[in-house]
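Asks: Pasting upload_27.txt below, which is compact mmCIF, C-alpha atoms.
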```txt
# COMPACT_ATOMS: atom_id res chain seq x y z
CA GLY A 462 -4.74 -4.12 6.17
CA ASP A 463 -4.02 -3.53 9.81
CA SER A 464 -0.35 -3.32 10.72
CA VAL A 465 2.15 -2.27 13.39
CA THR A 466 5.55 -0.70 12.76
CA GLN A 467 8.28 -0.55 15.39
CA MET A 468 11.66 1.07 15.37
CA GLU A 469 14.39 -1.31 14.41
CA GLY A 470 16.83 -2.48 17.00
CA PRO A 471 18.94 -3.30 18.65
CA VAL A 472 18.74 -0.46 21.09
CA THR A 473 21.76 -0.33 23.36
CA LEU A 474 21.68 1.79 26.50
CA SER A 475 23.62 2.26 29.68
CA GLU A 476 21.92 1.56 32.99
CA GLU A 477 19.74 4.46 34.20
CA ALA A 478 19.38 5.91 30.68
CA PHE A 479 16.02 7.01 29.28
CA LEU A 480 14.30 4.59 26.93
CA THR A 481 11.97 5.28 24.03
CA ILE A 482 10.82 2.61 21.58
CA ASN A 483 8.65 3.99 18.82
CA CYS A 484 5.52 2.21 17.63
CA THR A 485 2.97 3.33 15.05
CA TYR A 486 -0.04 1.48 13.76
CA THR A 487 -2.46 1.38 10.85
CA ALA A 488 -5.94 0.11 11.59
CA THR A 489 -9.49 0.38 10.37
CA GLY A 490 -11.46 1.06 13.51
CA TYR A 491 -10.33 1.57 17.08
CA PRO A 492 -8.01 -1.14 18.31
CA SER A 493 -6.62 -1.76 21.75
CA LEU A 494 -2.85 -1.38 21.89
CA PHE A 495 -0.36 -3.51 23.78
CA TRP A 496 3.27 -3.85 24.65
CA TYR A 497 4.59 -7.33 25.30
CA VAL A 498 8.08 -8.27 26.48
CA GLN A 499 9.98 -11.46 25.73
CA TYR A 500 12.96 -12.53 27.80
CA PRO A 501 15.41 -15.08 26.35
CA GLY A 502 13.93 -18.55 26.11
CA GLU A 503 10.50 -17.47 27.30
CA GLY A 504 7.07 -16.65 25.96
CA LEU A 505 5.52 -13.20 25.79
CA GLN A 506 4.57 -11.29 28.91
CA LEU A 507 1.99 -8.55 28.82
CA LEU A 508 3.72 -5.34 29.85
CA LEU A 509 0.93 -2.79 29.46
CA LYS A 510 -2.13 -1.93 27.42
CA ALA A 511 -4.39 0.95 26.48
CA THR A 512 -7.88 0.64 25.06
CA LYS A 513 -8.80 4.11 23.83
CA ALA A 514 -7.36 7.42 22.74
CA ASP A 515 -5.34 9.31 25.39
CA ASP A 516 -5.27 6.29 27.71
CA LYS A 517 -1.91 5.75 29.37
CA GLY A 518 -0.81 2.23 30.17
CA SER A 519 1.87 1.77 32.79
CA ASN A 520 3.66 -1.05 34.55
CA LYS A 521 7.05 -1.58 36.20
CA GLY A 522 8.13 1.97 35.35
CA PHE A 523 7.21 1.62 31.68
CA GLU A 524 4.58 3.89 30.14
CA ALA A 525 2.87 4.31 26.80
CA THR A 526 0.11 6.69 25.71
CA TYR A 527 -2.45 5.88 23.02
CA ARG A 528 -2.19 8.77 20.53
CA LYS A 529 -4.97 8.49 17.99
CA GLU A 530 -4.00 11.67 16.12
CA THR A 531 -0.52 10.31 15.38
CA THR A 532 -1.54 6.61 15.47
CA SER A 533 1.28 5.94 17.88
CA PHE A 534 1.93 4.05 21.12
CA HIS A 535 5.55 4.75 22.03
CA LEU A 536 7.06 2.89 24.97
CA GLU A 537 9.08 4.91 27.52
CA LYS A 538 10.97 4.30 30.73
CA GLY A 539 12.80 6.93 32.69
CA SER A 540 15.66 4.80 33.99
CA VAL A 541 16.40 1.37 32.52
CA GLN A 542 18.06 -1.49 34.36
CA VAL A 543 20.14 -4.39 33.12
CA SER A 544 17.18 -6.64 33.90
CA ASP A 545 15.10 -4.78 31.27
CA SER A 546 17.21 -6.33 28.52
CA ALA A 547 14.71 -8.22 26.34
CA VAL A 548 12.75 -7.98 23.11
CA TYR A 549 9.74 -5.65 23.15
CA PHE A 550 6.73 -6.12 20.89
CA CYS A 551 4.04 -3.59 20.11
CA ALA A 552 0.70 -5.10 19.08
CA LEU A 553 -2.93 -4.29 18.37
CA ASN A 554 -6.16 -6.22 18.81
CA PHE A 555 -9.83 -5.43 18.48
CA ALA A 556 -12.15 -5.86 21.45
CA GLY A 557 -15.03 -8.16 20.62
CA GLY A 558 -13.13 -9.50 17.65
CA TYR A 559 -11.48 -12.81 17.04
CA ASN A 560 -8.45 -12.34 19.26
CA LYS A 561 -5.94 -11.96 16.48
CA LEU A 562 -3.02 -9.93 17.74
CA ILE A 563 -1.08 -8.09 15.06
CA PHE A 564 2.51 -7.59 16.11
CA GLY A 565 5.35 -5.33 15.17
CA ALA A 566 8.70 -6.88 14.33
CA GLY A 567 10.02 -6.45 17.85
CA THR A 568 12.82 -4.27 19.21
CA ARG A 569 15.73 -5.81 21.06
CA LEU A 570 16.93 -3.78 24.04
CA ALA A 571 20.35 -4.35 25.57
CA VAL A 572 21.18 -2.49 28.77
CA HIS A 573 24.79 -2.42 29.98
CA PRO A 574 26.00 -1.67 33.51
CA LYS B 108 -4.33 -18.60 39.02
CA ALA B 109 -2.04 -20.81 37.03
CA GLY B 110 -0.87 -19.36 33.75
CA VAL B 111 -1.09 -20.77 30.27
CA THR B 112 0.76 -24.07 30.02
CA GLN B 113 2.16 -25.66 26.90
CA THR B 114 3.55 -29.12 26.37
CA PRO B 115 6.03 -30.23 25.37
CA ARG B 116 8.48 -27.36 25.76
CA TYR B 117 10.93 -28.74 23.22
CA LEU B 118 10.47 -31.10 20.32
CA ILE B 119 12.76 -32.44 17.62
CA LYS B 120 11.24 -34.05 14.55
CA THR B 121 12.39 -34.99 11.07
CA ARG B 122 10.97 -33.85 7.77
CA GLY B 123 7.78 -35.60 6.77
CA GLN B 124 6.71 -36.44 10.31
CA GLN B 125 3.74 -34.90 12.06
CA VAL B 126 3.56 -33.25 15.46
CA THR B 127 0.89 -32.34 18.01
CA LEU B 128 1.32 -29.50 20.49
CA SER B 129 -0.89 -28.95 23.50
CA CYS B 130 -2.07 -25.84 25.31
CA SER B 131 -4.03 -25.44 28.55
CA PRO B 132 -5.49 -21.96 28.98
CA ILE B 133 -5.86 -19.95 32.15
CA SER B 134 -8.81 -21.21 34.17
CA GLY B 135 -11.98 -19.47 32.98
CA HIS B 136 -10.50 -18.43 29.64
CA ARG B 137 -12.40 -19.83 26.70
CA SER B 138 -10.57 -18.32 23.75
CA VAL B 139 -7.27 -19.85 22.65
CA SER B 140 -5.05 -18.45 19.90
CA TRP B 141 -1.90 -19.90 18.37
CA TYR B 142 1.07 -18.03 16.93
CA GLN B 143 4.25 -19.02 15.15
CA GLN B 144 7.44 -17.10 15.91
CA THR B 145 10.45 -17.27 13.59
CA PRO B 146 13.46 -14.97 13.20
CA GLY B 147 12.53 -14.21 9.60
CA GLN B 148 8.77 -13.75 9.79
CA GLY B 149 8.34 -12.64 13.39
CA LEU B 150 5.09 -13.41 15.17
CA GLN B 151 2.35 -14.69 12.91
CA PHE B 152 -1.21 -15.63 13.82
CA LEU B 153 -2.16 -19.24 13.09
CA PHE B 154 -5.73 -19.63 14.34
CA GLU B 155 -8.13 -18.90 17.17
CA TYR B 156 -10.63 -21.17 18.86
CA PHE B 157 -13.60 -20.41 21.00
CA SER B 158 -16.17 -22.89 22.27
CA GLU B 159 -14.59 -25.69 20.23
CA THR B 160 -14.97 -23.70 17.00
CA GLN B 161 -12.26 -22.17 14.88
CA ARG B 162 -13.29 -18.56 14.46
CA ASN B 163 -10.33 -17.17 12.59
CA LYS B 164 -7.39 -18.55 10.66
CA GLY B 165 -4.15 -17.00 9.51
CA ASN B 166 -2.42 -17.45 6.20
CA PHE B 167 -0.88 -20.88 6.71
CA PRO B 168 -1.16 -24.03 4.62
CA GLY B 169 -3.66 -26.74 5.43
CA ARG B 170 -0.88 -28.79 7.04
CA PHE B 171 -1.46 -26.63 10.10
CA SER B 172 -4.63 -27.52 11.96
CA GLY B 173 -6.00 -27.33 15.44
CA ARG B 174 -8.87 -28.12 17.68
CA GLN B 175 -10.32 -27.19 21.02
CA PHE B 176 -11.90 -29.42 23.58
CA SER B 177 -14.91 -28.81 25.80
CA ASN B 178 -12.61 -27.88 28.72
CA SER B 179 -11.04 -25.17 26.48
CA ARG B 180 -7.73 -27.02 26.15
CA SER B 181 -6.41 -26.81 22.64
CA GLU B 182 -4.08 -28.76 20.40
CA MET B 183 -2.43 -27.86 17.16
CA ASN B 184 -1.13 -30.32 14.64
CA VAL B 185 1.38 -29.93 11.85
CA SER B 186 1.53 -32.71 9.30
CA THR B 187 4.28 -33.49 6.78
CA LEU B 188 6.80 -31.31 8.56
CA GLU B 189 9.14 -29.11 6.55
CA LEU B 190 12.42 -27.53 7.62
CA GLY B 191 10.72 -24.14 7.55
CA ASP B 192 8.29 -25.22 10.25
CA SER B 193 11.07 -24.93 12.82
CA ALA B 194 9.83 -22.22 15.14
CA LEU B 195 8.59 -21.29 18.57
CA TYR B 196 4.86 -22.01 18.74
CA LEU B 197 3.04 -19.83 21.22
CA CYS B 198 -0.39 -20.32 22.65
CA ALA B 199 -2.39 -17.49 24.21
CA SER B 200 -5.67 -17.45 26.07
CA SER B 201 -8.16 -14.73 26.79
CA TYR B 202 -11.36 -14.24 28.69
CA PHE B 203 -14.58 -14.13 26.72
CA GLY B 204 -17.53 -12.20 28.01
CA THR B 205 -18.28 -8.68 29.14
CA GLY B 206 -15.70 -6.40 30.64
CA THR B 207 -12.51 -4.64 29.71
CA ASN B 208 -10.11 -7.54 29.33
CA THR B 209 -11.71 -9.54 26.55
CA ASP B 210 -9.11 -8.25 24.11
CA THR B 211 -6.11 -9.14 26.27
CA GLN B 212 -4.20 -12.31 25.53
CA TYR B 213 -1.91 -14.10 27.96
CA PHE B 214 0.81 -16.26 26.56
CA GLY B 215 2.34 -19.55 27.52
CA PRO B 216 6.08 -20.29 27.45
CA GLY B 217 5.90 -21.80 23.97
CA THR B 218 6.96 -25.04 22.35
CA ARG B 219 10.27 -24.95 20.52
CA LEU B 220 9.96 -27.20 17.45
CA THR B 221 13.07 -28.15 15.53
CA VAL B 222 12.67 -29.98 12.23
CA LEU B 223 15.75 -31.83 10.97
```
Is it possible to give me this structure as structure tokens?
Replies:
Amino acid sequence: GDSVTQMEGPVTLSEEAFLTINCTYTATGYPSLFWYVQYPGEGLQLLLKATKADDKGSNKGFEATYRKETTSFHLEKGSVQVSDSAVYFCALNFAGGYNKLIFGAGTRLAVHP
Amino acid sequence: KAGVTQTPRYLIKTRGQQVTLSCSPISGHRSVSWYQQTPGQGLQFLFEYFSETQRNKGNFPGRFSGRQFSNSRSEMNVSTLELGDSALYLCASSYFGTGTNTDTQYFGPGTRLTVL
């Protein structure tokens, strides 16, 4: 079945460090790919998305490129801030389908001053 | 536009009771999905409603049910609560129609259910 695999956390970085969170997927067909972020005590916020191969999603300094050949959608940020500390979820969904997001396990990011 | 709203935000129940959670989608969104989030199982899909019809259901027992009203608001119900039902229940809405955002879901803040 369809699935998403994320690197295990926690990821601990110093402020201004470079961030990479790996995400790979298995899917029959061509899903859209998403990154969501969850801050403590809150719901999920859409961070970015990409709908087809080689698309790059970006938002708030975060980027991810849809790589069909490696079935990956790695999240990157050039310089993290303390305020980026949260849990990040990679997910897939199929356009025109039944709106069933399939999530990875989540990666907790802790950024220290 | 107002975001997805969920009520109540927090709920404490005892085993054997039942509970109803409510979700109001973003204005104009007609698809509503529900998810359960637990530390052990992560985020799991419960069901999805569109136009008052359940279109898809996850792998949960029949104690979990839902419905959608003509104004797209949705409720989910859990009967005969068990300790393992303690979780954050998240509702998400999405636009249905033509365009590029029909696959994008926007989440509410969740309802934290504690079963004692």
Asks: Near chain A, which residues of chain B fall within 9 Å when you count all atoms listed in the file, and what do they look like as a PyMOL selection string?
Replies: chain B and resi 138-140+148-157+162-165+195+197-198+200-201+203-204+207-217
Asks: Provide the atom CA of B:Pro115 to atom CA of B:Val185 distance in Å, to one decimal place.
Replies: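 Taking atom CA of B:Pro115 as the start and atom CA of B:Val185 as the end point, the length is 14.3 Å.
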Asks: Write out as JSON, numbers by chain which residues come within 9 Å of stretch 467-470 of chain A when counting all atoms listed in the file, dropping same-chain ones fewer than 3 positions away.
Replies: {"A": [473, 482, 483, 484, 485, 486, 535, 550, 551, 565, 566, 567, 568, 569, 570]}
Asks: Report as JSON, numbers by chain all protein, DNA and RNA residues lying within 7 Å of B:Glu159, evaluated on all atoms listed in the file, omitting residues in the same chain fewer than 3 positions from it.
Replies: {"B": [156, 174, 175, 176, 177]}
Asks: Quick one, how far is atom CA of B:Ser179 from atom CA of B:Arg137?
Replies: 5.5 Å
Asks: Please report the interatomic distance between atom CA of B:Thr160 and atom CA of B:Gly173 in Å with one decimal.
Replies: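 It comes out at 9.8 Å.
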Asks: Got a sec: who's within 6 Å of stretch 538-543 of chain A, counting all atoms listed in the file, leaving out chain neighbours fewer than 2 positions off, as a list in words?
Replies: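 Contacts, in chain order: Glu476, Glu477, Ala478, Phe479, Leu480, Gly522, Phe523, Asp545, Ser546, Val572 and His573 of chain A.
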Asks: For stretch 567-572 of chain A, take all atoms listed in the file, fit an axis-aligned box around them, add 3 Å to each of the six sides, then output centre and edge lengths in Å rounded to one decimal, as JSON.
Replies:
```
{"center_x": 15.6, "center_y": -4.5, "center_z": 23.3, "size_x": 17.2, "size_y": 10.0, "size_z": 16.9}
```
Asks: Residues at most 7 Å from stretch 525-530 of chain A, counting all atoms listed in the file, excluding those fewer than 3 positions away in the same chain, as a PDB file with C-alpha atoms, in the coordinates of the input?
Replies:
```
ATOM      1  CA  ALA A 511      -4.390   0.950  26.480  1.00  0.00           C
ATOM      2  CA  LYS A 513      -8.800   4.110  23.830  1.00  0.00           C
ATOM      3  CA  ALA A 514      -7.360   7.420  22.740  1.00  0.00           C
ATOM      4  CA  ASP A 515      -5.340   9.310  25.390  1.00  0.00           C
ATOM      5  CA  ASP A 516      -5.270   6.290  27.710  1.00  0.00           C
ATOM      6  CA  LYS A 517      -1.910   5.750  29.370  1.00  0.00           C
ATOM      7  CA  GLY A 518      -0.810   2.230  30.170  1.00  0.00           C
ATOM      8  CA  SER A 519       1.870   1.770  32.790  1.00  0.00           C
ATOM      9  CA  SER A 533       1.280   5.940  17.880  1.00  0.00           C
ATOM     10  CA  PHE A 534       1.930   4.050  21.120  1.00  0.00           C
ATOM     11  CA  HIS A 535       5.550   4.750  22.030  1.00  0.00           C
ATOM     12  CA  LEU A 536       7.060   2.890  24.970  1.00  0.00           C
ATOM     13  CA  GLU A 537       9.080   4.910  27.520  1.00  0.00           C
TER      14      GLU A 537
END
```
Asks: Excluding B:Arg116 and residues on its chain fewer than 4 positions from it, collect all residues at most 10 Å away from it, counting all atoms listed in the file, and give them as a PDB file with C-alpha atoms, keeping the file's coordinate frame.
Replies:
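Output below, filename out-v9.pdb:
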```
ATOM      1  CA  THR B 112       0.760 -24.070  30.020  1.00  0.00           C
ATOM      2  CA  LEU B 128       1.320 -29.500  20.490  1.00  0.00           C
ATOM      3  CA  SER B 129      -0.890 -28.950  23.500  1.00  0.00           C
ATOM      4  CA  LEU B 195       8.590 -21.290  18.570  1.00  0.00           C
ATOM      5  CA  TYR B 196       4.860 -22.010  18.740  1.00  0.00           C
ATOM      6  CA  PRO B 216       6.080 -20.290  27.450  1.00  0.00           C
ATOM      7  CA  GLY B 217       5.900 -21.800  23.970  1.00  0.00           C
ATOM      8  CA  THR B 218       6.960 -25.040  22.350  1.00  0.00           C
ATOM      9  CA  ARG B 219      10.270 -24.950  20.520  1.00  0.00           C
ATOM     10  CA  LEU B 220       9.960 -27.200  17.450  1.00  0.00           C
TER      11      LEU B 220
END
```
Asks: Find the residue from B:Gly110, B:Gly123, B:Pro146, B:Pro132 that sits nearest to B:Ser181; use all atoms listed in the file when measuring.
Replies: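 Closest to B:Ser181, using all atoms listed in the file: B:Pro132.
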